[in-house]
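This is structure17.cif. It holds mmCIF, C-alpha atoms and all ligand atoms.
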data_input
loop_
_atom_site.label_atom_id
_atom_site.label_comp_id
_atom_site.auth_asym_id
_atom_site.auth_seq_id
_atom_site.Cartn_x
_atom_site.Cartn_y
_atom_site.Cartn_z
CA MET A 21 35.61 -20.65 -23.90
CA THR A 22 36.77 -17.61 -25.83
CA ALA A 23 36.71 -14.15 -24.38
CA ALA A 24 33.93 -13.14 -26.78
CA SER A 25 31.62 -15.99 -25.81
CA ALA A 26 32.28 -15.29 -22.14
CA ALA A 27 31.30 -11.68 -22.70
CA VAL A 28 28.00 -12.76 -24.26
CA ALA A 29 27.30 -15.22 -21.47
CA VAL A 30 28.02 -12.73 -18.71
CA GLY A 31 26.37 -9.70 -20.24
CA ALA A 32 23.36 -11.33 -21.89
CA GLY A 33 20.11 -9.45 -21.45
CA ASP A 34 21.65 -6.58 -19.54
CA GLY A 35 21.30 -3.37 -21.54
CA SER A 36 23.23 -1.18 -19.13
CA THR A 37 26.15 -3.59 -19.07
CA ALA A 38 26.22 -3.69 -22.85
CA ALA A 39 26.18 0.09 -22.98
CA ILE A 40 29.10 0.33 -20.63
CA THR A 41 31.02 -2.36 -22.49
CA ALA A 42 30.49 -0.48 -25.72
CA ALA A 43 31.96 2.62 -24.10
CA VAL A 44 35.16 0.75 -23.19
CA PRO A 45 36.45 -0.58 -26.49
CA GLY A 46 38.56 -3.68 -26.58
CA GLN A 47 37.32 -5.02 -23.31
CA ALA A 48 37.02 -8.78 -23.29
CA TYR A 49 34.61 -8.97 -20.36
CA PRO A 50 31.84 -6.50 -19.54
CA PHE A 51 31.68 -4.64 -16.28
CA THR A 52 28.63 -5.03 -14.12
CA PRO A 53 29.26 -2.07 -11.84
CA ASN A 54 27.15 -1.49 -8.77
CA GLY A 55 25.08 1.33 -10.27
CA ALA A 56 23.62 2.49 -6.96
CA LEU A 57 27.07 2.81 -5.36
CA LEU A 58 28.51 4.48 -8.43
CA ASP A 59 25.64 6.98 -8.63
CA ALA A 60 26.05 7.91 -4.96
CA PHE A 61 29.81 8.20 -5.47
CA ALA A 62 29.41 10.59 -8.40
CA ALA A 63 26.61 12.59 -6.73
CA ARG A 64 28.62 13.05 -3.51
CA ARG A 65 31.31 14.82 -5.52
CA GLY A 66 28.78 16.85 -7.52
CA GLY A 67 29.66 15.11 -10.80
CA PRO A 68 32.98 15.22 -12.64
CA ILE A 69 35.74 17.31 -11.09
CA GLY A 70 36.89 19.59 -13.89
CA THR A 71 40.47 20.77 -13.70
CA GLY A 72 40.28 23.10 -16.70
CA GLY A 73 43.22 21.57 -18.54
CA LYS A 74 45.42 21.08 -15.48
CA VAL A 75 47.07 17.82 -14.51
CA ALA A 76 45.71 16.25 -11.28
CA VAL A 77 47.67 14.21 -8.76
CA ALA A 78 46.60 12.12 -5.78
CA PHE A 79 48.52 10.50 -2.95
CA ARG A 80 47.94 7.18 -1.25
CA CYS A 81 49.33 5.74 1.98
CA ASP A 82 49.48 1.99 2.56
CA HIS A 83 48.58 1.49 6.29
CA HIS A 84 51.52 1.33 8.81
CA LEU A 85 49.74 4.22 10.49
CA ASN A 86 52.14 4.77 13.40
CA ARG A 87 54.80 6.12 11.06
CA PHE A 88 52.15 7.77 8.92
CA GLN A 89 50.98 9.77 11.91
CA SER A 90 54.44 10.69 13.17
CA LYS A 91 56.30 11.27 9.87
CA LEU A 92 53.94 11.74 6.91
CA LEU A 93 50.77 13.34 8.25
CA PRO A 94 52.70 16.43 9.47
CA LEU A 95 53.98 16.91 5.89
CA HIS A 96 50.49 16.47 4.43
CA ARG A 97 49.24 19.12 6.88
CA GLN A 98 52.13 21.50 6.26
CA TYR A 99 51.67 21.48 2.49
CA GLY A 100 47.87 21.10 2.49
CA ILE A 101 47.87 17.78 0.61
CA PRO A 102 45.14 15.15 1.07
CA VAL A 103 45.87 11.43 1.07
CA THR A 104 43.92 8.22 0.64
CA VAL A 105 44.64 5.68 3.37
CA ALA A 106 44.47 2.00 2.40
CA ALA A 107 43.15 0.44 5.63
CA MET A 108 42.60 -3.16 6.69
CA SER A 109 39.64 -3.84 8.95
CA GLN A 110 41.96 -5.82 11.29
CA MET A 111 44.90 -3.44 10.95
CA PHE A 112 44.94 -2.36 14.58
CA ASP A 113 45.09 -5.97 15.81
CA LEU A 114 47.60 -7.19 13.23
CA GLU A 115 50.19 -4.43 12.85
CA HIS A 116 52.41 -4.04 15.90
CA GLY A 117 55.67 -2.27 16.62
CA PRO A 118 57.08 0.98 15.25
CA ASN A 119 55.92 0.09 11.73
CA GLY A 120 52.50 -0.99 12.94
CA SER A 121 49.25 0.89 13.37
CA ALA A 122 48.49 0.23 17.03
CA ASN A 123 49.14 3.80 18.23
CA LEU A 124 45.93 4.76 16.45
CA SER A 125 42.40 3.41 16.57
CA PHE A 126 39.38 3.71 14.32
CA PRO A 127 37.98 6.73 16.24
CA ILE A 128 41.35 8.51 15.92
CA LEU A 129 41.65 7.60 12.23
CA GLN A 130 38.13 8.91 11.59
CA LYS A 131 38.88 12.20 13.35
CA LEU A 132 42.15 12.64 11.42
CA ALA A 133 40.30 11.83 8.21
CA LEU A 134 37.58 14.44 8.74
CA GLU A 135 40.08 17.12 9.75
CA ASN A 136 42.68 16.56 7.04
CA GLY A 137 40.77 15.29 4.03
CA LEU A 138 41.98 11.71 4.37
CA GLU A 139 39.95 9.29 2.32
CA VAL A 140 39.83 5.77 3.78
CA ALA A 141 39.69 2.85 1.37
CA ASN A 142 39.11 -0.87 1.99
CA HIS A 143 42.43 -2.72 1.73
CA SER A 144 41.06 -6.13 2.88
CA SER A 145 40.70 -7.63 6.36
CA THR A 146 44.13 -9.13 6.92
CA HIS A 147 46.32 -8.49 3.83
CA THR A 148 46.72 -12.25 3.29
CA ASP A 149 45.79 -14.53 0.41
CA ALA A 150 42.23 -15.79 -0.01
CA PRO A 151 42.28 -19.14 -1.87
CA THR A 152 38.56 -19.94 -1.50
CA ALA A 153 35.31 -18.14 -2.19
CA GLN A 154 34.57 -17.86 1.51
CA ARG A 155 38.00 -16.39 2.23
CA LEU A 156 37.52 -13.88 -0.60
CA ARG A 157 34.25 -12.79 0.98
CA GLU A 158 36.03 -12.35 4.32
CA GLU A 159 38.84 -10.26 2.81
CA ILE A 160 36.75 -8.13 0.43
CA VAL A 161 33.14 -8.01 1.61
CA TYR A 162 33.29 -8.44 5.39
CA SER A 163 36.23 -6.04 5.61
CA ARG A 164 34.23 -3.28 3.93
CA THR A 165 31.30 -3.88 6.26
CA ALA A 166 33.61 -3.79 9.27
CA LEU A 167 35.35 -0.59 8.14
CA ALA A 168 32.02 1.13 7.45
CA LYS A 169 30.82 0.17 10.93
CA ALA A 170 34.03 1.31 12.62
CA LEU A 171 34.19 4.58 10.63
CA PRO A 172 30.51 5.63 10.45
CA LYS A 173 31.28 9.19 9.32
CA LEU A 174 33.30 8.08 6.29
CA PRO A 175 31.98 6.42 3.13
CA ILE A 176 34.02 3.29 2.30
CA GLU A 177 33.59 3.39 -1.47
CA LEU A 178 36.95 2.39 -2.85
CA PHE A 179 38.83 -0.93 -2.80
CA ILE A 180 42.62 -0.95 -2.95
CA PRO A 181 43.84 -4.50 -3.66
CA PRO A 182 46.51 -5.63 -1.19
CA GLY A 183 49.64 -7.33 -2.48
CA VAL A 184 49.24 -10.98 -1.44
CA GLY A 185 51.09 -14.20 -2.28
CA GLY A 186 49.81 -17.76 -2.75
CA THR A 187 46.91 -17.94 -5.21
CA ARG A 188 46.83 -14.11 -5.33
CA TYR A 189 43.09 -14.08 -4.70
CA GLN A 190 42.48 -17.08 -7.00
CA GLY A 191 44.33 -15.52 -9.93
CA PHE A 192 43.02 -11.96 -9.59
CA ALA A 193 46.58 -10.74 -8.87
CA GLY A 194 45.54 -7.22 -7.88
CA GLY A 195 43.56 -6.51 -11.07
CA ARG A 196 45.99 -6.35 -14.02
CA SER A 197 43.33 -5.36 -16.57
CA THR A 198 39.80 -3.97 -16.40
CA ALA A 199 38.60 -7.44 -17.45
CA SER A 200 40.04 -8.87 -14.20
CA PHE A 201 37.15 -7.26 -12.37
CA GLN A 202 34.71 -9.48 -14.25
CA LYS A 203 36.79 -12.57 -14.92
CA TYR A 204 37.79 -13.35 -11.33
CA LEU A 205 35.51 -13.83 -8.36
CA ALA A 206 37.67 -11.40 -6.39
CA GLY A 207 37.04 -8.72 -9.02
CA ARG A 208 33.30 -9.37 -9.07
CA LEU A 209 33.07 -9.17 -5.28
CA ILE A 210 35.03 -5.91 -5.31
CA ILE A 211 32.67 -4.37 -7.87
CA GLN A 212 29.55 -5.58 -6.08
CA GLU A 213 30.64 -3.99 -2.81
CA HIS A 214 32.49 -0.84 -3.91
CA ALA A 215 31.88 2.01 -6.32
CA LEU A 216 35.42 1.62 -7.66
CA SER A 217 38.78 -0.04 -7.19
CA THR A 218 42.40 0.69 -7.91
CA GLY A 219 44.61 -2.10 -9.25
CA TYR A 220 47.56 -2.77 -11.50
CA VAL A 221 46.31 -1.59 -14.90
CA PRO A 222 49.35 0.26 -16.26
CA GLY A 223 49.48 3.89 -17.38
CA TYR A 224 48.59 7.35 -16.15
CA TRP A 225 45.03 8.00 -14.96
CA PRO A 226 42.61 8.97 -17.74
CA MET A 227 40.86 12.11 -16.32
CA THR A 228 37.84 11.65 -18.60
CA GLY A 229 35.21 12.51 -15.97
CA ASN A 230 33.89 8.93 -16.17
CA PRO A 231 35.15 7.14 -13.06
CA LEU A 232 34.79 3.69 -14.66
CA ASP A 233 37.63 4.61 -17.02
CA SER A 234 39.94 4.66 -13.97
CA MET A 235 38.87 1.22 -12.75
CA GLY A 236 41.95 -0.72 -11.69
CA ASN A 237 44.48 2.00 -12.46
CA VAL A 238 47.93 1.60 -10.95
CA HIS A 239 49.97 3.89 -8.70
CA ILE A 240 53.56 5.11 -8.87
CA GLY A 241 55.54 4.26 -5.73
CA ILE A 242 57.45 7.16 -4.15
CA GLU A 243 58.66 5.53 -0.93
CA ASN A 244 62.13 5.31 -2.46
CA ALA A 245 63.90 8.69 -2.71
CA ASP A 246 64.99 8.06 -6.32
CA TYR A 247 61.37 7.65 -7.39
CA ALA A 248 60.13 10.57 -5.29
CA ARG A 249 62.75 12.79 -6.98
CA ARG A 250 61.38 11.72 -10.36
CA GLY A 251 57.86 12.77 -9.28
CA PRO A 252 57.82 16.01 -11.29
CA SER A 253 58.84 14.19 -14.50
CA PHE A 254 56.02 11.66 -14.04
CA VAL A 255 53.61 14.57 -13.60
CA HIS A 256 54.92 16.38 -16.69
CA ALA A 257 54.59 13.22 -18.78
CA ALA A 258 51.02 12.67 -17.58
CA ALA A 259 50.12 16.32 -18.20
CA GLN A 260 51.28 16.06 -21.81
CA GLN A 261 48.76 13.25 -22.29
CA GLY A 262 45.98 15.13 -20.47
CA ARG A 263 46.15 12.51 -17.73
CA GLY A 264 46.77 12.32 -13.98
CA VAL A 265 49.08 10.54 -11.53
CA CYS A 266 48.42 8.60 -8.33
CA PHE A 267 51.48 8.40 -6.08
CA MET A 268 51.77 5.79 -3.33
CA TYR A 269 54.03 5.14 -0.34
CA HIS A 270 54.37 2.61 2.47
CA PRO A 271 55.39 4.62 5.59
CA SER A 272 57.19 1.50 6.86
CA LEU A 273 59.66 1.52 3.95
CA MET A 274 60.81 5.13 4.22
CA ASP A 275 64.03 6.26 5.84
CA ASP A 276 65.02 9.87 6.49
CA ALA A 277 66.37 10.39 2.96
CA ASP A 278 63.12 9.05 1.47
CA LEU A 279 61.08 11.35 3.70
CA LEU A 280 63.11 14.36 2.60
CA ALA A 281 62.58 13.48 -1.06
CA VAL A 282 58.83 13.10 -0.49
CA GLU A 283 58.75 16.44 1.31
CA ASP A 284 60.44 18.03 -1.72
CA LEU A 285 57.78 16.46 -3.96
CA PHE A 286 54.97 17.75 -1.70
CA ALA A 287 56.50 21.24 -1.73
CA TRP A 288 56.79 21.13 -5.52
CA CYS A 289 53.17 19.99 -5.90
CA ALA A 290 51.96 22.74 -3.54
CA ARG A 291 53.85 25.35 -5.58
CA GLU A 292 52.46 23.97 -8.85
CA ARG A 293 48.96 24.17 -7.37
CA ASP A 294 49.49 27.77 -6.26
CA GLN A 295 50.78 28.60 -9.76
CA ARG A 296 47.50 27.11 -11.10
CA ARG A 297 49.24 24.38 -13.06
CA MET A 298 48.01 21.41 -11.01
CA GLU A 299 45.14 20.17 -8.85
CA ILE A 300 45.72 17.91 -5.86
CA LEU A 301 42.81 15.53 -5.27
CA THR A 302 42.05 12.35 -3.34
CA THR A 303 42.38 9.06 -5.20
CA SER A 304 38.63 8.88 -5.78
CA GLY A 305 38.67 12.55 -6.79
CA LEU A 306 41.29 11.69 -9.41
CA MET A 307 38.87 9.00 -10.67
CA MET A 308 36.15 11.66 -11.04
CA SER A 309 38.48 14.25 -12.55
CA SER A 310 37.99 15.66 -16.03
CA PHE A 311 40.94 17.31 -17.76
CA ASN A 312 38.82 19.18 -20.28
CA SER A 313 36.04 20.44 -18.03
CA PHE A 314 36.05 23.67 -16.00
CA SER A 315 33.05 22.62 -13.91
CA ARG A 316 33.79 21.61 -10.32
CA HIS A 317 31.28 21.43 -7.50
CA ASN A 318 31.59 24.17 -4.87
CA LEU A 319 29.42 23.56 -1.81
CA LEU A 320 29.52 27.23 -0.72
CA SER A 321 28.12 28.80 -3.88
CA ARG A 322 27.66 28.30 -7.59
CA THR A 323 29.02 31.75 -8.32
CA ALA A 324 31.70 32.43 -5.70
CA SER A 325 32.81 35.92 -6.49
CA PHE A 326 31.06 38.28 -4.01
CA LYS A 327 30.17 40.18 -7.21
CA ALA A 328 26.46 39.79 -6.54
CA GLY A 329 26.79 40.86 -2.91
CA TRP A 330 27.22 38.82 0.26
CA ASN A 331 25.76 35.66 -1.27
CA GLY A 332 24.66 34.18 2.05
CA TRP A 333 27.69 35.33 4.06
CA ASN A 334 27.06 37.40 7.20
CA GLY A 335 29.25 40.26 5.91
CA ALA A 336 26.74 43.08 6.48
CA ALA A 337 25.91 42.04 10.06
CA ALA A 338 29.56 41.29 10.81
CA LYS A 339 30.57 44.74 9.49
CA TRP A 340 32.85 43.70 6.66
CA ALA A 341 32.96 45.77 3.45
CA LEU A 342 32.92 44.66 -0.18
CA ARG A 343 35.60 46.20 -2.39
CA SER A 344 36.46 45.81 -6.05
CA GLU A 345 39.85 46.09 -7.68
CA SER A 346 40.82 45.19 -11.25
CA GLY A 347 37.68 43.10 -11.69
CA THR A 348 38.16 41.20 -8.41
CA THR A 349 35.62 41.64 -5.62
CA TYR A 350 36.76 40.89 -2.08
CA ALA A 351 35.62 41.29 1.51
CA ARG A 352 37.60 43.67 3.71
CA ARG A 353 37.62 43.37 7.45
CA GLY A 354 36.82 46.64 9.30
CA ALA A 355 37.76 47.97 12.72
CA GLY A 356 34.69 46.59 14.52
CA SER A 357 34.22 43.46 12.40
CA ALA A 358 32.97 40.16 13.81
CA PRO A 359 34.05 36.83 12.24
CA LEU A 360 32.77 36.32 8.70
CA TYR A 361 30.87 33.10 8.10
CA LYS A 362 28.41 31.17 5.96
CA ASP A 363 26.39 28.02 6.76
CA VAL A 364 25.57 25.41 4.13
CA SER A 365 23.77 22.05 4.15
CA THR A 366 25.89 19.01 3.39
CA GLY A 367 22.92 17.11 1.89
CA LEU A 368 23.87 14.68 -0.87
CA TYR A 369 27.47 15.78 -0.56
CA ALA A 370 27.99 14.42 2.96
CA GLY A 371 31.00 12.11 3.04
CA SER A 372 32.89 13.82 0.23
CA ALA A 373 36.42 15.13 0.53
CA ARG A 374 36.54 18.87 0.03
CA GLN A 375 39.20 21.49 -0.57
CA LEU A 376 38.53 24.80 1.14
CA LEU A 377 40.24 27.38 -1.04
CA ILE A 378 40.44 31.02 0.03
CA SER A 379 42.43 33.71 -1.72
CA MET A 380 43.65 36.01 1.06
CA ARG A 381 45.73 39.14 1.32
CA SER A 382 46.96 41.50 3.99
CA THR A 383 48.70 44.73 3.07
CA THR A 384 49.85 45.12 6.71
CA GLY A 385 50.47 41.52 7.77
CA ILE A 386 47.97 39.65 9.96
CA ARG A 387 47.20 36.35 11.68
CA ALA A 388 43.81 34.85 11.04
CA LYS A 389 41.90 31.67 11.83
CA ILE A 390 39.99 29.64 9.26
CA GLU A 391 37.45 27.12 10.54
CA ILE A 392 35.13 24.53 9.05
CA LEU A 393 32.77 23.25 11.71
CA ASP A 394 29.38 21.86 12.61
CA PRO A 395 27.64 24.96 14.04
CA MET A 396 25.04 22.85 15.91
CA ALA A 397 27.57 20.45 17.44
CA PRO A 398 31.15 21.77 17.12
CA GLY A 399 32.39 18.80 19.16
CA GLN A 400 31.41 16.56 16.23
CA PHE A 401 33.36 18.37 13.54
CA ASN A 402 35.67 21.31 13.99
CA VAL A 403 38.68 21.97 11.79
CA GLU A 404 40.92 24.93 12.39
CA LYS A 405 43.84 26.41 10.49
CA ILE A 406 45.87 29.42 11.61
CA VAL A 407 47.18 31.50 8.74
CA THR A 408 49.96 34.08 8.98
CA LEU A 409 49.95 36.53 6.08
CA VAL A 410 53.01 38.67 5.48
CA PRO A 411 52.40 42.18 4.09
CA SER A 412 51.68 41.85 0.38
CA THR A 413 49.74 43.47 -2.42
CA GLY A 414 48.94 40.11 -4.00
CA PHE A 415 46.32 37.55 -3.00
CA LYS A 416 47.62 34.17 -1.79
CA PRO A 417 45.63 30.93 -2.02
CA VAL A 418 45.14 29.13 1.31
CA HIS A 419 44.05 25.48 1.29
CA GLN A 420 42.50 23.19 3.88
CA TYR A 421 41.19 19.76 2.94
CA VAL A 422 38.45 18.06 4.98
CA VAL A 423 35.93 15.25 4.65
CA LEU A 424 32.33 16.36 5.28
CA PRO A 425 30.91 13.95 7.89
CA LEU A 426 28.73 11.30 6.23
CA VAL A 427 26.31 11.39 9.19
CA GLY A 428 25.62 13.64 12.17
CA SER A 429 26.47 17.08 10.75
CA PRO A 430 23.74 18.20 8.32
CA THR A 431 25.12 21.77 8.31
CA VAL A 432 28.67 23.03 8.13
CA ARG A 433 29.94 26.55 8.71
CA VAL A 434 32.99 28.14 7.12
CA ARG A 435 34.30 30.98 9.30
CA MET A 436 37.19 33.42 9.10
CA SER A 437 38.36 35.30 12.20
CA PRO A 438 41.20 37.84 12.27
CA LEU A 439 43.40 37.14 15.31
CA THR A 440 45.44 40.36 15.23
CA GLY A 441 44.90 43.91 14.03
CA GLY A 442 45.63 44.83 10.43
CA GLU A 443 44.13 44.58 6.97
CA LEU A 444 42.50 41.34 5.86
CA HIS A 445 41.03 40.94 2.37
CA LEU A 446 39.52 37.75 1.08
CA GLN A 447 37.83 36.61 -2.08
CA GLU A 448 34.72 34.46 -1.72
CA PRO A 449 35.83 31.10 -0.27
CA ARG A 450 35.18 27.88 -2.18
CA LEU A 451 34.58 24.41 -0.77
CA LEU A 452 35.45 22.29 -3.79
CA ALA A 453 34.95 18.61 -4.46
CA ALA A 454 38.32 16.96 -4.09
ZN ZN B 1 49.15 -2.88 1.74
#

Take the structure in the file and write it out as structure tokens.
Ligand SMILES: [Zn+2]
Amino acid sequence: MTAASAAVAVGAGDGSTAAITAAVPGQAYPFTPNGALLDAFAARRGGPIGTGGKVAVAFRCDHHLNRFQSKLLPLHRQYGIPVTVAAMSQMFDLEHGPNGSANLSFPILQKLALENGLEVANHSSTHTDAPTAQRLREEIVYSRTALAKALPKLPIELFIPPGVGGTRYQGFAGGRSTASFQKYLAGRLIIQEHALSTGYVPGYWPMTGNPLDSMGNVHIGIENADYARRGPSFVHAAAQQGRGVCFMYHPSLMDDADLLAVEDLFAWCARERDQRRMEILTTSGLMMSSFNSFSRHNLLSRTASFKAGWNGWNGAAAKWALRSESGTTYARRGAGSAPLYKDVSTGLYAGSARQLLISMRSTTGIRAKIEILDPMAPGQFNVEKIVTLVPSTGFKPVHQYVVLPLVGSPTVRVRMSPLTGGELHLQEPRLLAA
């Protein structure tokens, strides 16, 4: 059978499939994406994530969570960088020793995910080959079900193919082309059960705003110091094409020199972000990203400028003042001010990774606390970041990534509390799809 006749056989009578095939020229086999999952995936993030002409990068960690927690997570927290964790449903039973995952558990992983903006993706049940249809179902379908049950507050929307030997999932081999997701049973099961998947399709990530264009895209490994040091050149090359980069590491393969090189890359990315030359997203956020769009969903407000007043914030009651300076409007803490906060419904956006972005300044120096929490049940969701601002006349962006709980927290509050005396000025905070 030729590729063309296979395409006709598979796609016959399905208008939406044909439409999608037409939008992806040169594809030998049509996609049949799970439209309901894909719609929910896009809606959760509020549509495409526009970067306004900036390159976007994402980071991914391949299990081995003991070393992730002890060595990598502190760096992600220090530099405010989210990461997508490729997780097996049987990871905690299978991975032992220092390079294992057994120091954690699903409840701990879920808590870390909510508090640090970690996206969790299905990376199979056991990370072993599946030479039969039943074994493929166990590794792809049952693993997703098990992860979703064990992590009820996180949407499991993304598949990350594990590297396996033997038949390599009956020829699927990690998804080497978009057509692999239709041609092989493994690919079809992945698409049926997940909104999207990564894979081994070469090249930088397209950043078109259509997540299907990123189906099966490959990562760049940075667990080796030489590759981590080349990180900025990969990013520059992608930026020149209006594309993005997904970096990946196995915590188990990194020695101290590798960790230092990755820390340098994180620091560089954080500086690029603060210079407004880069956005740092989750892997699924990178799939939703759009290089040419400026539109990006902000859960706190559509306008986000304080220009039209308090915009739902408690500034008047909490005795903050609004000030304007060179076209920028900001809130200024007063002598008798209470914490400044705003409550918003998570609604359709529950389960999405978010970047809290606040431009802050203190002309005197100050310590302040930023929180994102469930005001009805703070025990369910409560993220805190302490910020120390040195005296400055310029505003400084402060970032905290979180995942909004998929269930159980219909409202979230963003709250800023000065912890010491002194001036505190802040522009209207944003809670951006990431
Ligand atoms: Zn793996």

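Residues in contact with Ser315 of chain A at 8 Å, where all atoms listed in the file are counted and same-chain residues fewer than 6 positions away are skipped, are listed as Pro68, Ile69, Gly70, Thr71 and Gly72 of chain A.
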
Exercise answer, 7 Å around ligand ZN 1 (chain B) with all atoms listed in the file, as JSON, numbers by chain: {"A": [82, 83, 106, 143, 147, 182, 183]}

Output for the residues just chosen: C-alpha atoms as a PDB file, in the coordinates of the input:
ATOM      1  CA  ASP A  82      49.480   1.990   2.560  1.00  0.00           C
ATOM      2  CA  HIS A  83      48.580   1.490   6.290  1.00  0.00           C
ATOM      3  CA  ALA A 106      44.470   2.000   2.400  1.00  0.00           C
ATOM      4  CA  HIS A 143      42.430  -2.720   1.730  1.00  0.00           C
ATOM      5  CA  HIS A 147      46.320  -8.490   3.830  1.00  0.00           C
ATOM      6  CA  PRO A 182      46.510  -5.630  -1.190  1.00  0.00           C
ATOM      7  CA  GLY A 183      49.640  -7.330  -2.480  1.00  0.00           C
TER       8      GLY A 183
END

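The space between atom CA of Thr413 of chain A and atom CA of Ala355 of chain A spans 19.8 Å.
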
Closest of A:Gly356, A:Gly399, A:Gly329, A:Pro252 to Ser344 of chain A - atom-to-atom distances counting only C-alpha atoms: A:Gly329

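Within a radius of 12 Å around (41.2, -2.1, 16.6), the polymer residues are Ala107, Met108, Ser109, Gln110, Met111, Phe112, Asp113, Leu114, Glu115, His116, Gly120, Ser121, Ala122, Asn123, Leu124, Ser125, Phe126, Pro127, Ile128, Leu129, Ser145, Ala166, Leu167, Ala170 and Leu171 of chain A, counting all atoms listed in the file.
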
Spatial neighbours of segment 87-92 of chain A, 8 Å, only C-alpha atoms, chain gap at least 4 places, as a ChimeraX atom specification: /A:81,83,96,118-121,271-272,279

Polymer residues at most 8 Å from (35.9, 17.8, 9.7) by all atoms listed in the file, as a ChimeraX atom specification: /A:131,133-137,392-393,401-403,422-425

Within 12 Å of Ser313 of chain A using only C-alpha atoms, minus same-chain residues under 4 positions, as a VMD selection string: chain A and resid 67 to 75 227 to 230 262 308 to 309 317

File of the preceding selection, C-alpha atoms, as a short mmCIF file (atom, residue, chain, number, x, y, z; two decimals), in the frame of the given file:
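Written output follows (selection.cif):
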data_model
loop_
_atom_site.label_atom_id
_atom_site.label_comp_id
_atom_site.auth_asym_id
_atom_site.auth_seq_id
_atom_site.Cartn_x
_atom_site.Cartn_y
_atom_site.Cartn_z
CA GLY A 67 29.66 15.11 -10.80
CA PRO A 68 32.98 15.22 -12.64
CA ILE A 69 35.74 17.31 -11.09
CA GLY A 70 36.89 19.59 -13.89
CA THR A 71 40.47 20.77 -13.70
CA GLY A 72 40.28 23.10 -16.70
CA GLY A 73 43.22 21.57 -18.54
CA LYS A 74 45.42 21.08 -15.48
CA VAL A 75 47.07 17.82 -14.51
CA MET A 227 40.86 12.11 -16.32
CA THR A 228 37.84 11.65 -18.60
CA GLY A 229 35.21 12.51 -15.97
CA ASN A 230 33.89 8.93 -16.17
CA GLY A 262 45.98 15.13 -20.47
CA MET A 308 36.15 11.66 -11.04
CA SER A 309 38.48 14.25 -12.55
CA HIS A 317 31.28 21.43 -7.50
#

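In this model, the gap between atom CA of Ser412 of chain A and atom CA of Gly354 of chain A comes to 18.0 Å.
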
Distance criterion (all atoms listed in the file): nearest to Met298 of chain A out of A:Ile406, A:Pro226, A:Gly385, A:Val265: A:Val265

Residue nearest Glu159 of chain A - candidates A:Ala287, A:Val410, A:Val364, A:Ala206, atoms counted: all atoms listed in the file: A:Ala206

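Taking only C-alpha atoms into account, Ala259 of chain A lies nearest to A:Asn312 out of the set A:Gln98, A:Asn312, A:Ser144, A:Thr383.
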
Two-atom distance - atom CA of Arg297 of chain A, atom CA of Arg263 of chain A (Å): 13.1 Å

Given all atoms listed in the file as the counted atoms, nearest of A:Ala150, A:Ala245, A:Leu95, A:Leu178 to Phe192 of chain A: A:Ala150

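Neighbouring residues of Ala373 of chain A at 10 Å or closer, counting only C-alpha atoms and skipping chain neighbours under 2 positions away, are A:Arg64, A:Arg65, A:Pro102, A:Ala133, A:Leu134, A:Asn136, A:Gly137, A:Leu138, A:Glu139, A:Leu174, A:Leu301, A:Thr302, A:Ser304, A:Gly305, A:Tyr369, A:Ala370, A:Gly371, A:Gln375, A:Leu376, A:Tyr421, A:Val422, A:Val423, A:Leu424, A:Pro425, A:Leu451, A:Leu452, A:Ala453, A:Ala454.
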
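When all atoms listed in the file are used to compute distances to Val434 of chain A, the closest of the residues A:Gly332, A:Arg387, A:Ser372, A:Tyr350 turns out to be A:Gly332.
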
Contacts of Asp149 of chain A within 6 Å, only C-alpha atoms, excl. fewer than 6 positions in-chain, as number ranges by chain: A: 184-185, 188-189

With 8 Å added on each side, what axis-aligned box encloses every listed atom of segment 95-113 of chain A? Give the centre and edge lengths in Å to one decimal, as JSON.
{"center_x": 46.8, "center_y": 7.8, "center_z": 8.2, "size_x": 30.3, "size_y": 43.5, "size_z": 31.2}

Rows by chain and residue number, segment 209-322 of chain A within 10 Å of segment 56-59 of chain A, shortest pair, only C-alpha atoms, as a Markdown table:
| residue | atom | partner | partner_atom | distance |
| --- | --- | --- | --- | --- |
| A:Ile211 | CA | A:Leu57 | CA | 9.4 |
| A:Gln212 | CA | A:Leu57 | CA | 8.8 |
| A:Glu213 | CA | A:Leu57 | CA | 8.1 |
| A:His214 | CA | A:Leu57 | CA | 6.7 |
| A:Ala215 | CA | A:Leu58 | CA | 4.7 |
| A:Leu216 | CA | A:Leu58 | CA | 7.5 |
| A:Pro231 | CA | A:Leu58 | CA | 8.5 |
| A:Leu232 | CA | A:Leu58 | CA | 8.9 |
